[in-house]
Amino acid sequence: MVSLKRVEDRPTPSAFIGGTIALASFKKAFGINASNSSYLSTNIVTVYQAGAFWGSLFAYPVANRFGRKICIISSGWIFCVGVAVQLAAHSGGTIAALYVGRVLAGIGIGFISLAVPIYISEISPPAIRGRLVALYEVCLQFGAVLGFWINYGVNITIAPNKVQWTIPIAIQLIPGGLLILSTPFLIESPRWLRSKGKNDQAVKDLAWIRNLPADHVYVVEELAMLDAQLAIEEEKNSGTFFDSLKELFGRTLGWRLFIYSPTVFSEIGITGTNQGLFTTGIFGIVKCTASCFWCFFLVDAVGRRRMLLIGSAGAAVTMCILTALLQTNHPAAGVVNGQSKAAAAMLYLWTLFYGPTWNGTPWVITAEIFPMHVRALSISIYAAFGNWLWTFVIARAFPYAVIKMKYYVFLLFGLVSFVGFFFVYFCVPETAGVPIERMDELFGTGKGDVLVRDLEAQKRDVLQVEHAKQEEHSIEA
């Protein structure tokens, strides 16, 4: 049998529960032992992902009919109720309450995984849209790192009792509460307002976001592009759900195939609760740092397409090397040798490629390439089927895949990464710097670099006109 320690690397609640399950106090409270550990632990993890799957689908009608802001507020309330129900399991030690709380928390995260990328993409200028949407992923990675180290901290400082495992769960109320308190101060997406006929409010909000007068040339031009796109969409689409679905599946969508949990340090000889949590915490720091670097320096400057190509190639090579290392000399459980360190280095190197590329870039692309009337539906389907369904499937299947395939499971991941490389090369154009309203032109030609150059030339013309007007006003004065 293969010794496997599975800790998740997705949004904050998963990071917290992944380490919490490893605590002896948690296992004692819910009767987790050697005979049922795989079954119960997998259930505790995957009911959350199932909730997120359905939450991302349920969020579509909310975001589409009531707005992005209402959807974000709803996510905070649902998530906090879910955490409170999990804490209720503290008193009775009933795993049913834990399951229900995890499902509710997952639904809240599903809501947020739809609403936040859409909201950010719709209010962002094209030049920095990628960086702003990428901040969503950076926050997820920061939460994951925080979760890992909180679990490590309570494991070494607090005696194994109920307080030890409830602290990591209770702390999740802090970000959930901050979301509830801060979201009312947000303004609604001007693009959503315009699509619902609330034109005056849309103009006011867009001018406030751009910090420009409502009659400024940039605001007027952006609204004109939006109105033109909405008019085209209205001619093509009657506005029904089935028309939107038909429109959506007629377009290119890069499904993310690479969501799996890489923290399998016990498979390379690193075992024990403290050691496992510590190495996982370091892994999280590496991944979060890489994601921050990608967000602030790469996603807009290098572009979405190039980042995905680099990430696919790097992930494929590191997974193949990891397989070769484990095949040559598979370390025994609890034995940390040179081979173990080299294998761990490959995992860290893997996340340097994956973290800044496939971890967040698909969210950026999906949030920006679809027209207004199917944008919420596209994110809903991507989040549900491209993210949460695959997360659920991998979480359920991965421990058994390792038992059956052993280290060859990493070779499978490497081969999938190669497939991702060729998919991006032939099917994904560059979207960086292209306004949302002009994505149809991009996917009609596939020449993203040409379109961006044309747009930059148009911007220079607008700047020259604006500068000439300012000179005329100064002369008249």
# chains A, B, ... in the order shown; residues from 1 in each chain; ligands from 1
>>> residues_around(residues="A:Ala207", least_positions_apart="2", cutoff="12 Å", atoms="only C-alpha atoms", output="ChimeraX atom specification")
/A:123,187,189-190,200-205,209-223
>>> residues_around(residues="A:Lys196", least_positions_apart="5", cutoff="10 Å", atoms="only C-alpha atoms", output="ChimeraX atom specification")
/A:64-67,190-191,202
>>> closest_atom_pairs(of="stretch 103-201 of chain A", to="stretch 28-42 of chain A", cutoff="12 Å", atoms="only C-alpha atoms", output="tab-separated table")
residue	atom	partner	partner_atom	distance
A:Pro160	CA	A:Lys28	CA	9.0
A:Asn161	CA	A:Ala29	CA	8.4
A:Lys162	CA	A:Ala29	CA	7.3
A:Val163	CA	A:Ala29	CA	10.9
A:Gln164	CA	A:Ala29	CA	10.9
A:Trp165	CA	A:Ala29	CA	9.2
A:Thr166	CA	A:Ala29	CA	10.7
>>> write_last_selection(atoms="C-alpha atoms", output="PDB file, in the first residue's frame")
ATOM      1  CA  PRO A 160      -4.969  17.860  21.173  1.00  0.00           C
ATOM      2  CA  ASN A 161      -8.509  18.868  22.163  1.00  0.00           C
ATOM      3  CA  LYS A 162     -11.630  20.383  20.597  1.00  0.00           C
ATOM      4  CA  VAL A 163     -10.204  23.895  20.742  1.00  0.00           C
ATOM      5  CA  GLN A 164      -7.267  22.818  18.582  1.00  0.00           C
ATOM      6  CA  TRP A 165      -9.351  21.832  15.557  1.00  0.00           C
ATOM      7  CA  THR A 166     -12.088  24.455  15.929  1.00  0.00           C
TER       8      THR A 166
END
>>> residues_around(residues="A:Ala383", least_positions_apart="2", cutoff="10 Å", atoms="only C-alpha atoms", output="list in words")
Ala52, Phe53, Trp54, Gly55, Ser56, Leu57, Gly110, Phe111, Ile112, Ser113, Leu114, Trp255, Arg256, Trp363, Thr366, Leu377, Ser378, Ile379, Ser380, Ile381, Phe385, Gly386, Asn387, Trp388, Leu389 and Trp390 of chain A
>>> closest_residue(among="A:Cys71, A:Val81, A:Val133, A:Leu230", to="A:Pro184", atoms="only C-alpha atoms")
A:Cys71
>>> closest_residue(among="A:Val138, A:Val428, A:Ile44, A:Ile73", to="A:Phe296", atoms="only C-alpha atoms")
A:Val138
